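Trainee: I am sharing entry-v6.pdb, which consists of PDB, C-alpha atoms:
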```
ATOM      1  CA  MET A   1     102.817 120.420 109.787
ATOM      2  CA  GLU A   2     104.323 118.526 106.915
ATOM      3  CA  THR A   3     107.252 120.319 105.334
ATOM      4  CA  SER A   4     108.106 119.565 101.721
ATOM      5  CA  LEU A   5     111.401 118.034 102.851
ATOM      6  CA  ASP A   6     109.461 115.764 105.140
ATOM      7  CA  ALA A   7     107.197 114.704 102.242
ATOM      8  CA  THR A   8     110.273 113.919 100.155
ATOM      9  CA  PHE A   9     111.775 111.777 102.924
ATOM     10  CA  ALA A  10     108.511 109.926 103.465
ATOM     11  CA  ALA A  11     108.246 109.183  99.738
ATOM     12  CA  LEU A  12     111.838 107.960  99.655
ATOM     13  CA  ALA A  13     111.258 105.659 102.611
ATOM     14  CA  ASP A  14     110.066 102.794 100.438
ATOM     15  CA  PRO A  15     112.557 100.625  98.478
ATOM     16  CA  THR A  16     110.096 100.092  95.592
ATOM     17  CA  ARG A  17     109.677 103.834  95.200
ATOM     18  CA  ARG A  18     113.441 104.336  95.255
ATOM     19  CA  THR A  19     113.823 101.727  92.514
ATOM     20  CA  ILE A  20     111.095 103.432  90.466
ATOM     21  CA  LEU A  21     112.945 106.747  90.800
ATOM     22  CA  ALA A  22     116.234 105.146  89.833
ATOM     23  CA  ARG A  23     114.534 103.687  86.720
ATOM     24  CA  LEU A  24     113.019 107.078  85.843
ATOM     25  CA  ALA A  25     116.437 108.665  86.205
ATOM     26  CA  ALA A  26     117.405 106.731  83.070
ATOM     27  CA  GLY A  27     114.409 108.159  81.172
ATOM     28  CA  ASP A  28     110.626 108.526  81.154
ATOM     29  CA  ALA A  29     108.571 105.332  81.395
ATOM     30  CA  THR A  30     104.956 104.166  81.461
ATOM     31  CA  VAL A  31     103.408 102.436  84.475
ATOM     32  CA  MET A  32     103.550  99.159  82.543
ATOM     33  CA  GLU A  33     107.259  99.566  81.901
ATOM     34  CA  LEU A  34     107.844 100.498  85.521
ATOM     35  CA  ALA A  35     105.901  97.500  86.811
ATOM     36  CA  ARG A  36     107.877  94.988  84.720
ATOM     37  CA  PRO A  37     110.853  94.377  87.077
ATOM     38  CA  PHE A  38     108.607  93.974  90.134
ATOM     39  CA  ALA A  39     106.562  91.000  91.267
ATOM     40  CA  MET A  40     103.743  93.480  91.779
ATOM     41  CA  SER A  41     100.473  94.272  90.077
ATOM     42  CA  GLN A  42     100.126  97.411  87.993
ATOM     43  CA  PRO A  43      97.634  98.920  90.486
ATOM     44  CA  ALA A  44     100.176  98.404  93.293
ATOM     45  CA  ILE A  45     102.845 100.191  91.265
ATOM     46  CA  SER A  46     100.333 102.930  90.402
ATOM     47  CA  LYS A  47      99.784 103.477  94.108
ATOM     48  CA  HIS A  48     103.527 104.017  94.629
ATOM     49  CA  ILE A  49     103.638 106.409  91.688
ATOM     50  CA  LYS A  50     100.760 108.395  93.214
ATOM     51  CA  VAL A  51     102.775 108.796  96.421
ATOM     52  CA  LEU A  52     105.742 110.031  94.378
ATOM     53  CA  GLU A  53     103.452 112.385  92.472
ATOM     54  CA  ARG A  54     101.996 113.844  95.668
ATOM     55  CA  ALA A  55     105.513 114.420  96.977
ATOM     56  CA  GLY A  56     106.294 116.286  93.763
ATOM     57  CA  LEU A  57     108.969 113.788  92.762
ATOM     58  CA  VAL A  58     107.221 112.536  89.634
ATOM     59  CA  THR A  59     104.971 114.155  87.015
ATOM     60  CA  ARG A  60     102.790 112.308  84.516
ATOM     61  CA  GLY A  61     102.341 113.117  80.878
ATOM     62  CA  PRO A  62      99.021 113.528  79.050
ATOM     63  CA  GLU A  63      96.836 110.515  78.231
ATOM     64  CA  ALA A  64      97.932 110.638  74.582
ATOM     65  CA  HIS A  65     101.435 109.690  75.631
ATOM     66  CA  ARG A  66     100.145 106.680  77.602
ATOM     67  CA  ARG A  67     100.686 108.695  80.807
ATOM     68  CA  SER A  68     104.427 108.291  80.896
ATOM     69  CA  CYS A  69     106.113 109.214  84.172
ATOM     70  CA  ARG A  70     108.917 111.715  84.504
ATOM     71  CA  ILE A  71     111.178 112.360  87.458
ATOM     72  CA  VAL A  72     111.359 115.827  89.015
ATOM     73  CA  ALA A  73     114.875 116.376  90.287
ATOM     74  CA  LYS A  74     114.452 119.533  92.373
ATOM     75  CA  PRO A  75     112.978 118.103  95.613
ATOM     76  CA  LEU A  76     115.505 115.266  95.504
ATOM     77  CA  ALA A  77     118.318 117.731  95.078
ATOM     78  CA  GLU A  78     117.014 119.741  98.040
ATOM     79  CA  ALA A  79     116.783 116.659 100.246
ATOM     80  CA  ASN A  80     120.240 115.628  99.120
ATOM     81  CA  ALA A  81     121.736 119.028  99.863
ATOM     82  CA  PHE A  82     120.098 119.128 103.270
ATOM     83  CA  LEU A  83     121.286 115.690 104.321
ATOM     84  CA  GLU A  84     124.758 116.145 103.002
ATOM     85  CA  SER A  85     124.937 119.237 105.162
ATOM     86  CA  TYR A  86     123.646 117.191 108.114
ATOM     87  CA  ARG A  87     126.425 114.618 107.760
ATOM     88  CA  ARG A  88     128.910 117.411 107.203
ATOM     89  CA  PHE A  89     127.634 119.126 110.349
ATOM     90  CA  TRP A  90     128.715 116.135 112.442
ATOM     91  CA  GLU A  91     131.947 115.454 110.567
ATOM     92  CA  GLN A  92     133.109 119.049 110.906
ATOM     93  CA  SER A  93     131.959 119.263 114.532
ATOM     94  CA  PHE A  94     133.766 116.067 115.492
ATOM     95  CA  LYS A  95     136.940 117.281 113.825
ATOM     96  CA  ARG A  96     136.825 120.323 116.124
ATOM     97  CA  LEU A  97     135.996 118.071 119.072
ATOM     98  CA  ASP A  98     139.129 115.970 118.351
ATOM     99  CA  ALA A  99     141.225 119.125 118.691
ATOM    100  CA  LEU A 100     139.442 120.209 121.865
ATOM    101  CA  LEU A 101     139.914 116.758 123.432
ATOM    102  CA  ALA A 102     143.626 116.850 122.594
ATOM    103  CA  ASP A 103     143.845 120.195 124.449
ATOM    104  CA  MET A 104     141.873 118.843 127.394
ATOM    105  CA  THR A 105     144.059 115.712 127.577
ATOM    106  CA  THR A 106     147.270 117.796 127.526
ATOM    107  CA  GLU A 107     145.872 120.077 130.213
ATOM    108  CA  ARG A 108     144.971 117.100 132.410
ATOM    109  CA  GLU A 109     148.434 115.553 132.031
ATOM    110  CA  ARG A 110     150.074 118.885 132.858
ATOM    111  CA  THR A 111     147.924 119.299 135.963
ATOM    112  CA  ALA A 112     148.630 115.704 137.050
ATOM    113  CA  GLY A 113     152.379 116.234 136.519
ATOM    114  CA  ARG A 114     152.323 119.384 138.616
ATOM    115  CA  SER A 115     150.470 117.760 141.513
ATOM    116  CA  ARG A 116     152.988 114.892 141.593
ATOM    117  CA  ARG A 117     155.900 117.293 142.051
TER     118      ARG A 117
ATOM    119  CA  MET B   1     148.658 112.986 109.837
ATOM    120  CA  MET B   2     146.138 110.292 110.561
ATOM    121  CA  ALA B   3     142.766 110.338 108.815
ATOM    122  CA  ASP B   4     139.755 111.381 110.864
ATOM    123  CA  PRO B   5     138.010 108.443 112.542
ATOM    124  CA  ALA B   6     135.058 107.277 110.468
ATOM    125  CA  LEU B   7     131.534 108.403 111.212
ATOM    126  CA  HIS B   8     129.234 105.406 110.869
ATOM    127  CA  ILE B   9     125.490 105.702 110.397
ATOM    128  CA  ARG B  10     123.203 102.671 110.389
ATOM    129  CA  ALA B  11     119.584 101.682 110.967
ATOM    130  CA  GLU B  12     118.622  99.729 114.062
ATOM    131  CA  GLY B  13     115.279  98.241 115.026
ATOM    132  CA  ASP B  14     112.272  99.668 113.250
ATOM    133  CA  ARG B  15     112.661 103.380 113.907
ATOM    134  CA  GLU B  16     116.175 104.149 115.064
ATOM    135  CA  LEU B  17     119.331 105.504 113.510
ATOM    136  CA  VAL B  18     122.680 104.947 115.185
ATOM    137  CA  MET B  19     125.700 107.135 114.609
ATOM    138  CA  THR B  20     129.070 106.038 116.016
ATOM    139  CA  ARG B  21     132.491 107.628 116.179
ATOM    140  CA  GLU B  22     135.697 107.055 118.150
ATOM    141  CA  PHE B  23     137.665 109.691 120.039
ATOM    142  CA  ALA B  24     141.260 109.428 121.280
ATOM    143  CA  ALA B  25     140.429 110.574 124.806
ATOM    144  CA  PRO B  26     138.951 109.112 128.001
ATOM    145  CA  ARG B  27     135.176 109.242 128.163
ATOM    146  CA  ASP B  28     134.864 111.603 131.110
ATOM    147  CA  LEU B  29     136.523 114.274 128.946
ATOM    148  CA  VAL B  30     134.210 113.515 126.012
ATOM    149  CA  TYR B  31     131.233 113.639 128.374
ATOM    150  CA  GLU B  32     132.362 117.043 129.646
ATOM    151  CA  ALA B  33     132.747 118.314 126.086
ATOM    152  CA  PHE B  34     129.139 117.229 125.434
ATOM    153  CA  THR B  35     127.602 118.751 128.542
ATOM    154  CA  ARG B  36     129.454 121.965 129.463
ATOM    155  CA  PRO B  37     128.248 125.003 127.481
ATOM    156  CA  GLU B  38     131.680 126.697 127.410
ATOM    157  CA  LEU B  39     133.149 123.528 125.862
ATOM    158  CA  LEU B  40     130.244 122.905 123.465
ATOM    159  CA  ARG B  41     130.710 126.418 122.078
ATOM    160  CA  ARG B  42     134.194 125.401 120.951
ATOM    161  CA  TRP B  43     133.128 122.528 118.699
ATOM    162  CA  PHE B  44     129.390 121.851 118.342
ATOM    163  CA  GLY B  45     128.355 122.993 114.868
ATOM    164  CA  VAL B  46     131.196 125.517 114.874
ATOM    165  CA  PHE B  47     132.523 125.669 111.294
ATOM    166  CA  ASP B  48     132.058 127.655 108.058
ATOM    167  CA  GLY B  49     131.156 130.839 109.938
ATOM    168  CA  TRP B  50     128.621 129.163 112.241
ATOM    169  CA  GLU B  51     128.782 129.699 115.977
ATOM    170  CA  LEU B  52     126.779 128.268 118.820
ATOM    171  CA  ALA B  53     125.282 131.593 119.888
ATOM    172  CA  VAL B  54     122.872 130.206 122.480
ATOM    173  CA  CYS B  55     123.788 127.169 124.558
ATOM    174  CA  GLU B  56     121.633 126.714 127.636
ATOM    175  CA  ILE B  57     121.858 123.446 129.499
ATOM    176  CA  ASP B  58     119.952 122.501 132.615
ATOM    177  CA  LEU B  59     121.656 119.157 133.114
ATOM    178  CA  ARG B  60     119.192 117.263 135.271
ATOM    179  CA  VAL B  61     116.304 114.922 134.585
ATOM    180  CA  GLY B  62     113.396 117.088 133.440
ATOM    181  CA  GLY B  63     115.766 119.991 132.736
ATOM    182  CA  ALA B  64     115.652 121.697 129.346
ATOM    183  CA  TYR B  65     118.366 122.522 126.836
ATOM    184  CA  ARG B  66     118.358 125.040 124.035
ATOM    185  CA  TRP B  67     120.824 125.535 121.196
ATOM    186  CA  VAL B  68     120.838 128.281 118.570
ATOM    187  CA  TRP B  69     123.458 128.500 115.846
ATOM    188  CA  ARG B  70     124.117 131.738 113.981
ATOM    189  CA  ASN B  71     126.111 132.303 110.868
ATOM    190  CA  ARG B  72     128.477 135.243 110.778
ATOM    191  CA  ASN B  73     128.601 135.413 106.975
ATOM    192  CA  ARG B  74     124.948 134.888 106.193
ATOM    193  CA  ALA B  75     122.016 136.237 108.163
ATOM    194  CA  ASN B  76     120.992 132.753 109.131
ATOM    195  CA  GLU B  77     119.901 130.989 112.283
ATOM    196  CA  MET B  78     119.067 127.419 113.295
ATOM    197  CA  GLY B  79     117.687 126.291 116.629
ATOM    198  CA  ALA B  80     116.835 123.097 118.486
ATOM    199  CA  GLY B  81     115.914 122.092 121.985
ATOM    200  CA  GLY B  82     114.516 119.420 124.246
ATOM    201  CA  VAL B  83     114.317 117.977 127.721
ATOM    202  CA  TYR B  84     116.683 115.578 129.523
ATOM    203  CA  ARG B  85     115.164 112.260 130.469
ATOM    204  CA  GLU B  86     118.156 110.372 131.817
ATOM    205  CA  ILE B  87     121.627 111.462 132.928
ATOM    206  CA  VAL B  88     124.311 108.988 133.990
ATOM    207  CA  PRO B  89     127.737 110.708 133.985
ATOM    208  CA  PRO B  90     129.996 109.924 132.195
ATOM    209  CA  GLU B  91     128.138 107.095 130.435
ATOM    210  CA  ARG B  92     124.772 108.046 129.119
ATOM    211  CA  ILE B  93     122.402 110.914 128.294
ATOM    212  CA  VAL B  94     118.840 110.558 127.031
ATOM    213  CA  ALA B  95     117.009 113.650 125.781
ATOM    214  CA  THR B  96     114.174 114.653 123.499
ATOM    215  CA  GLU B  97     115.023 116.669 120.384
ATOM    216  CA  ARG B  98     112.970 119.011 118.262
ATOM    217  CA  PHE B  99     114.176 121.442 115.602
ATOM    218  CA  ASP B 100     112.625 124.917 115.295
ATOM    219  CA  ASP B 101     112.418 124.396 111.553
ATOM    220  CA  PRO B 102     111.550 120.707 111.439
ATOM    221  CA  TRP B 103     112.980 118.461 108.751
ATOM    222  CA  TYR B 104     111.455 115.298 110.241
ATOM    223  CA  ARG B 105     108.018 114.890 111.724
ATOM    224  CA  GLY B 106     107.535 115.228 115.473
ATOM    225  CA  GLU B 107     110.024 114.771 118.239
ATOM    226  CA  ALA B 108     112.960 112.387 118.362
ATOM    227  CA  ILE B 109     114.552 110.759 121.400
ATOM    228  CA  VAL B 110     118.337 110.932 121.356
ATOM    229  CA  THR B 111     120.368 108.514 123.480
ATOM    230  CA  THR B 112     124.064 109.318 123.679
ATOM    231  CA  THR B 113     126.402 106.738 125.201
ATOM    232  CA  PHE B 114     130.110 107.011 125.932
ATOM    233  CA  GLY B 115     132.038 103.715 126.103
ATOM    234  CA  GLU B 116     135.731 103.567 126.922
ATOM    235  CA  ARG B 117     138.430 101.051 126.117
ATOM    236  CA  ASP B 118     142.210 101.607 126.402
ATOM    237  CA  GLY B 119     141.731 105.353 126.641
ATOM    238  CA  VAL B 120     139.627 105.489 123.472
ATOM    239  CA  THR B 121     136.011 106.593 123.730
ATOM    240  CA  THR B 122     133.341 105.183 121.476
ATOM    241  CA  LEU B 123     130.456 107.566 121.105
ATOM    242  CA  ALA B 124     127.098 106.179 120.003
ATOM    243  CA  MET B 125     124.156 108.454 119.324
ATOM    244  CA  THR B 126     120.866 106.687 118.797
ATOM    245  CA  VAL B 127     118.070 108.789 117.358
ATOM    246  CA  ARG B 128     114.634 107.262 117.789
ATOM    247  CA  TYR B 129     112.105 108.815 115.429
ATOM    248  CA  GLU B 130     108.345 108.839 115.841
ATOM    249  CA  SER B 131     107.766 106.261 113.136
ATOM    250  CA  THR B 132     109.493 103.739 110.876
ATOM    251  CA  GLU B 133     108.487 105.876 107.917
ATOM    252  CA  VAL B 134     110.348 108.919 109.191
ATOM    253  CA  ARG B 135     113.432 106.858 110.102
ATOM    254  CA  ASP B 136     113.584 105.063 106.752
ATOM    255  CA  GLY B 137     113.095 108.335 104.951
ATOM    256  CA  VAL B 138     116.067 109.812 106.739
ATOM    257  CA  LEU B 139     118.191 106.707 106.201
ATOM    258  CA  ALA B 140     117.242 106.278 102.546
ATOM    259  CA  SER B 141     118.569 109.715 101.877
ATOM    260  CA  PRO B 142     122.128 110.370 100.761
ATOM    261  CA  MET B 143     123.184 110.990 104.362
ATOM    262  CA  ALA B 144     123.688 107.256 104.546
ATOM    263  CA  THR B 145     124.949 106.626 101.027
ATOM    264  CA  GLY B 146     127.041 103.524 101.177
ATOM    265  CA  VAL B 147     125.063 102.269 104.156
ATOM    266  CA  SER B 148     121.669 101.800 102.623
ATOM    267  CA  ALA B 149     121.652  99.251  99.828
ATOM    268  CA  GLY B 150     120.090 100.093  96.513
ATOM    269  CA  PHE B 151     120.509 103.785  96.887
ATOM    270  CA  ASP B 152     123.575 104.174  94.689
ATOM    271  CA  ALA B 153     121.512 104.553  91.536
ATOM    272  CA  LEU B 154     119.548 107.389  93.056
ATOM    273  CA  ALA B 155     122.681 109.124  94.317
ATOM    274  CA  GLU B 156     124.059 108.818  90.800
ATOM    275  CA  LEU B 157     120.903 110.362  89.424
ATOM    276  CA  LEU B 158     121.184 113.327  91.771
ATOM    277  CA  ARG B 159     124.728 113.989  90.698
ATOM    278  CA  ALA B 160     123.750 113.807  87.034
ATOM    279  CA  ARG B 161     120.579 115.896  87.281
ATOM    280  CA  THR B 162     121.768 118.661  89.541
ATOM    281  CA  ARG B 163     124.928 119.423  87.607
TER     282      ARG B 163
END
```
Please express the file's structure as structure tokens.

Mentor:
Amino acid sequence: METSLDATFAALADPTRRTILARLAAGDATVMELARPFAMSQPAISKHIKVLERAGLVTRGPEAHRRSCRIVAKPLAEANAFLESYRRFWEQSFKRLDALLADMTTERERTAGRSRR
Amino acid sequence: MMADPALHIRAEGDRELVMTREFAAPRDLVYEAFTRPELLRRWFGVFDGWELAVCEIDLRVGGAYRWVWRNRNRANEMGAGGVYREIVPPERIVATERFDDPWYRGEAIVTTTFGERDGVTTLAMTVRYESTEVRDGVLASPMATGVSAGFDALAELLRARTR
């Protein structure tokens, strides 16, 4: 089963798609405008945009507006929140582990001291 | 007081993520803290009202483990489990990992190694995902901001748009 978070991560996996999103963060753009900085054909860029669209990260305007692309922030924000909590999970856990290890080290030294006496 | 040792996250090979962190204790103690349920309950995911409510460990090759975290403040639960593939105390543990509510596709293989030098343990956790796509997706995310080049602009965007 593909979760929506998973779809977001898969879409973000490609550096071209990340650059496209970063460009769209500055404002809406057409496929032609998006293709300009890349040494890539317009169809190749279109393919990337389709992946972003399927992942719900980008929407496209009506034909009349030359199909300009717009970023959708919500799934990115969800992925961001999730992964920040993942990193935080380990940081907070390891902080507790530091304290536990200090206790365990003290206990070991105390036990060793006692057995020497 | 000294700052907490840094948690480093980087990509390795085509489908692995490596997380490293130092601990000011000999590795046999760190290994114990990673493998004994009564010790894991004191640190593993225990913060902000979360507790490690279920911690079952059958520490042998082919043995299973099961973790369930519960939050005291919110009616919330998170679980994960897997099977041990390799156990070399106090140096190395290899196990499969799968979350009940998956945020990456399939099963990952987690290799945890404990290296020691001058009484300081270096922990390295290598997570091997099912594909390059899954790994890069995880790495490209803000979890690794500052590690993965070219992501700053996107991180900036998230800050601006979610405010």

Trainee: If you take all atoms listed in the file and a cut-off of 10 Å, which residues of chain A touch chain B, and what are their nearest atom pairs and distances in Å to one decimal, in chain and number order, as JSON lines?

Mentor:
```
{"residue": "A:Met1", "atom": "CA", "partner": "B:Arg105", "partner_atom": "CA", "distance": 7.8}
{"residue": "A:Glu2", "atom": "CA", "partner": "B:Arg105", "partner_atom": "CA", "distance": 7.1}
{"residue": "A:Thr3", "atom": "CA", "partner": "B:Trp103", "partner_atom": "CA", "distance": 6.9}
{"residue": "A:Ser4", "atom": "CA", "partner": "B:Trp103", "partner_atom": "CA", "distance": 8.6}
{"residue": "A:Leu5", "atom": "CA", "partner": "B:Trp103", "partner_atom": "CA", "distance": 6.1}
{"residue": "A:Asp6", "atom": "CA", "partner": "B:Tyr104", "partner_atom": "CA", "distance": 5.5}
{"residue": "A:Ala7", "atom": "CA", "partner": "B:Tyr104", "partner_atom": "CA", "distance": 9.1}
{"residue": "A:Thr8", "atom": "CA", "partner": "B:Gly137", "partner_atom": "CA", "distance": 7.9}
{"residue": "A:Phe9", "atom": "CA", "partner": "B:Gly137", "partner_atom": "CA", "distance": 4.2}
{"residue": "A:Ala10", "atom": "CA", "partner": "B:Gly137", "partner_atom": "CA", "distance": 5.1}
{"residue": "A:Ala11", "atom": "CA", "partner": "B:Gly137", "partner_atom": "CA", "distance": 7.2}
{"residue": "A:Leu12", "atom": "CA", "partner": "B:Gly137", "partner_atom": "CA", "distance": 5.5}
{"residue": "A:Ala13", "atom": "CA", "partner": "B:Gly137", "partner_atom": "CA", "distance": 4.0}
{"residue": "A:Asp14", "atom": "CA", "partner": "B:Asp136", "partner_atom": "CA", "distance": 7.6}
{"residue": "A:Pro15", "atom": "CA", "partner": "B:Gly150", "partner_atom": "CA", "distance": 7.8}
{"residue": "A:Arg18", "atom": "CA", "partner": "B:Leu154", "partner_atom": "CA", "distance": 7.2}
{"residue": "A:Thr19", "atom": "CA", "partner": "B:Gly150", "partner_atom": "CA", "distance": 7.6}
{"residue": "A:Ile20", "atom": "CA", "partner": "B:Leu154", "partner_atom": "CA", "distance": 9.7}
{"residue": "A:Leu21", "atom": "CA", "partner": "B:Leu154", "partner_atom": "CA", "distance": 7.0}
{"residue": "A:Ala22", "atom": "CA", "partner": "B:Leu154", "partner_atom": "CA", "distance": 5.1}
{"residue": "A:Arg23", "atom": "CA", "partner": "B:Ala153", "partner_atom": "CA", "distance": 8.5}
{"residue": "A:Leu24", "atom": "CA", "partner": "B:Leu157", "partner_atom": "CA", "distance": 9.3}
{"residue": "A:Ala25", "atom": "CA", "partner": "B:Leu157", "partner_atom": "CA", "distance": 5.8}
{"residue": "A:Ala26", "atom": "CA", "partner": "B:Leu157", "partner_atom": "CA", "distance": 8.1}
{"residue": "A:Val72", "atom": "CA", "partner": "B:Arg161", "partner_atom": "CA", "distance": 9.4}
{"residue": "A:Ala73", "atom": "CA", "partner": "B:Arg161", "partner_atom": "CA", "distance": 6.5}
{"residue": "A:Lys74", "atom": "CA", "partner": "B:Thr162", "partner_atom": "CA", "distance": 7.9}
{"residue": "A:Leu76", "atom": "CA", "partner": "B:Leu158", "partner_atom": "CA", "distance": 7.1}
{"residue": "A:Ala77", "atom": "CA", "partner": "B:Leu158", "partner_atom": "CA", "distance": 6.2}
{"residue": "A:Glu78", "atom": "CA", "partner": "B:Thr162", "partner_atom": "CA", "distance": 9.8}
{"residue": "A:Ala79", "atom": "CA", "partner": "B:Ser141", "partner_atom": "CA", "distance": 7.4}
{"residue": "A:Asn80", "atom": "CA", "partner": "B:Pro142", "partner_atom": "CA", "distance": 5.8}
{"residue": "A:Ala81", "atom": "CA", "partner": "B:Pro142", "partner_atom": "CA", "distance": 8.7}
{"residue": "A:Phe82", "atom": "CA", "partner": "B:Met143", "partner_atom": "CA", "distance": 8.8}
{"residue": "A:Leu83", "atom": "CA", "partner": "B:Met143", "partner_atom": "CA", "distance": 5.1}
{"residue": "A:Glu84", "atom": "CA", "partner": "B:Met143", "partner_atom": "CA", "distance": 5.6}
{"residue": "A:Ser85", "atom": "CA", "partner": "B:Met143", "partner_atom": "CA", "distance": 8.5}
{"residue": "A:Tyr86", "atom": "CA", "partner": "B:Met143", "partner_atom": "CA", "distance": 7.3}
{"residue": "A:Arg87", "atom": "CA", "partner": "B:Met143", "partner_atom": "CA", "distance": 5.9}
{"residue": "A:Arg88", "atom": "CA", "partner": "B:Met143", "partner_atom": "CA", "distance": 9.1}
{"residue": "A:Phe89", "atom": "CA", "partner": "B:Gly45", "partner_atom": "CA", "distance": 6.0}
{"residue": "A:Trp90", "atom": "CA", "partner": "B:Gly45", "partner_atom": "CA", "distance": 7.3}
{"residue": "A:Glu91", "atom": "CA", "partner": "B:Leu7", "partner_atom": "CA", "distance": 7.1}
{"residue": "A:Gln92", "atom": "CA", "partner": "B:Phe47", "partner_atom": "CA", "distance": 6.7}
{"residue": "A:Ser93", "atom": "CA", "partner": "B:Gly45", "partner_atom": "CA", "distance": 5.2}
{"residue": "A:Phe94", "atom": "CA", "partner": "B:Trp43", "partner_atom": "CA", "distance": 7.2}
{"residue": "A:Lys95", "atom": "CA", "partner": "B:Asp4", "partner_atom": "CA", "distance": 7.2}
{"residue": "A:Arg96", "atom": "CA", "partner": "B:Trp43", "partner_atom": "CA", "distance": 5.0}
{"residue": "A:Leu97", "atom": "CA", "partner": "B:Trp43", "partner_atom": "CA", "distance": 5.3}
{"residue": "A:Asp98", "atom": "CA", "partner": "B:Phe23", "partner_atom": "CA", "distance": 6.7}
{"residue": "A:Ala99", "atom": "CA", "partner": "B:Trp43", "partner_atom": "CA", "distance": 8.8}
{"residue": "A:Leu100", "atom": "CA", "partner": "B:Trp43", "partner_atom": "CA", "distance": 7.4}
{"residue": "A:Leu101", "atom": "CA", "partner": "B:Ala25", "partner_atom": "CA", "distance": 6.4}
{"residue": "A:Ala102", "atom": "CA", "partner": "B:Ala25", "partner_atom": "CA", "distance": 7.4}
{"residue": "A:Met104", "atom": "CA", "partner": "B:Leu29", "partner_atom": "CA", "distance": 7.2}
{"residue": "A:Thr105", "atom": "CA", "partner": "B:Ala25", "partner_atom": "CA", "distance": 6.9}
{"residue": "A:Arg108", "atom": "CA", "partner": "B:Leu29", "partner_atom": "CA", "distance": 9.6}
```

Trainee: Need to verify the contact set: segment 32-35 of chain A, 10 Å, only C-alpha atoms, exclusion of same-chain residues closer than 3 positions in sequence. Can you return it as JSON, numbers by chain?

Mentor: {"A": [19, 20, 21, 23, 24, 28, 29, 38, 39, 40, 41, 42, 43, 44, 45, 46, 49, 66, 68, 69]}

Trainee: Using Å and a single decimal, report how far atom CA of Thr121 of chain B sits from atom CA of Val18 of chain B.

Mentor: 15.9 Å

Trainee: Could you check the closest approach to Phe99 of chain B for each of B:Leu17, B:Ala53, B:Ile87, B:Ala80 and tell me which residue wins, using all atoms listed in the file?

Mentor: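 Answer, going by the shortest atom-to-atom distance: B:Ala80.
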
Trainee: I'd like the neighbourhood of segment 56-67 of chain B as a PyMOL selection string, where a residue qualifies if any of its atoms comes within 6 Å (using only C-alpha atoms), though same-chain residues fewer than 6 positions away should be ignored.

Mentor: chain B and resi 79-86

Trainee: Atom CA of Ala55 of chain A and atom CA of Ser131 of chain B are how many Å apart?

Mentor: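 Atom CA of Ser131 of chain B lies 18.2 Å from atom CA of Ala55 of chain A.
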
Trainee: What is the distance between atom CA of Asp28 of chain B and atom CA of Glu51 of chain B, in Å to one decimal?

Mentor: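 Here the two named atoms are 24.4 Å from each other.
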
Trainee: Taking the file as I've supplied it (selection: the PyMOL selection byres ((chain B and resi 112) around 9)), which residues are included? Please answer as a PyMOL selection string.

Mentor: chain B and resi 91-95+110-111+113-114+123-127

Trainee: Would you compute, for all listed atoms of segment 61-78 of chain B, the axis-aligned bounding box grown by 3 Å on each side, and then report its centre and edge lengths in Å rounded to one decimal, as AutoDock Vina command-line options?

Mentor:
```
--center_x 121.0 --center_y 125.6 --center_z 120.4 --size_x 21.2 --size_y 27.3 --size_z 34.4
```

Trainee: Take the PyMOL selection byres ((chain A and resi 58) around 6), run it mentally on this structure, and tell me the resulting residues as a ChimeraX atom specification.

Mentor: /A:52-53,56-57,59,70-72

Trainee: So what does the PyMOL selection byres ((chain B and resi 72) around 10) actually pick up in this one, as a ChimeraX atom specification?

Mentor: /B:48-51,69-71,73-77

Trainee: Since the input has fewer atoms than a full residue there, write segment 83-92 of chain B out with N, CA and C atoms, as a short mmCIF file (atom, residue, chain, number, x, y, z; two decimals), in the frame of the given file.

Mentor:
```cif
data_model
loop_
_atom_site.label_atom_id
_atom_site.label_comp_id
_atom_site.auth_asym_id
_atom_site.auth_seq_id
_atom_site.Cartn_x
_atom_site.Cartn_y
_atom_site.Cartn_z
N VAL B 83 114.33 118.18 126.27
CA VAL B 83 114.32 117.98 127.72
C VAL B 83 115.10 116.70 128.04
N TYR B 84 115.91 116.76 129.10
CA TYR B 84 116.68 115.58 129.52
C TYR B 84 115.79 114.57 130.23
N ARG B 85 115.97 113.32 129.86
CA ARG B 85 115.16 112.26 130.47
C ARG B 85 115.98 111.36 131.37
N GLU B 86 117.29 111.26 131.06
CA GLU B 86 118.16 110.37 131.82
C GLU B 86 119.55 110.94 131.76
N ILE B 87 120.25 110.97 132.91
CA ILE B 87 121.63 111.46 132.93
C ILE B 87 122.45 110.55 133.82
N VAL B 88 123.43 109.87 133.23
CA VAL B 88 124.31 108.99 133.99
C VAL B 88 125.75 109.34 133.63
N PRO B 89 126.37 110.31 134.33
CA PRO B 89 127.74 110.71 133.99
C PRO B 89 128.73 109.59 134.33
N PRO B 90 129.74 109.34 133.52
CA PRO B 90 130.00 109.92 132.20
C PRO B 90 129.60 108.95 131.09
N GLU B 91 128.48 108.22 131.31
CA GLU B 91 128.14 107.10 130.44
C GLU B 91 127.02 107.34 129.44
N ARG B 92 126.00 108.08 129.89
CA ARG B 92 124.77 108.05 129.12
C ARG B 92 123.90 109.28 129.33
#
```
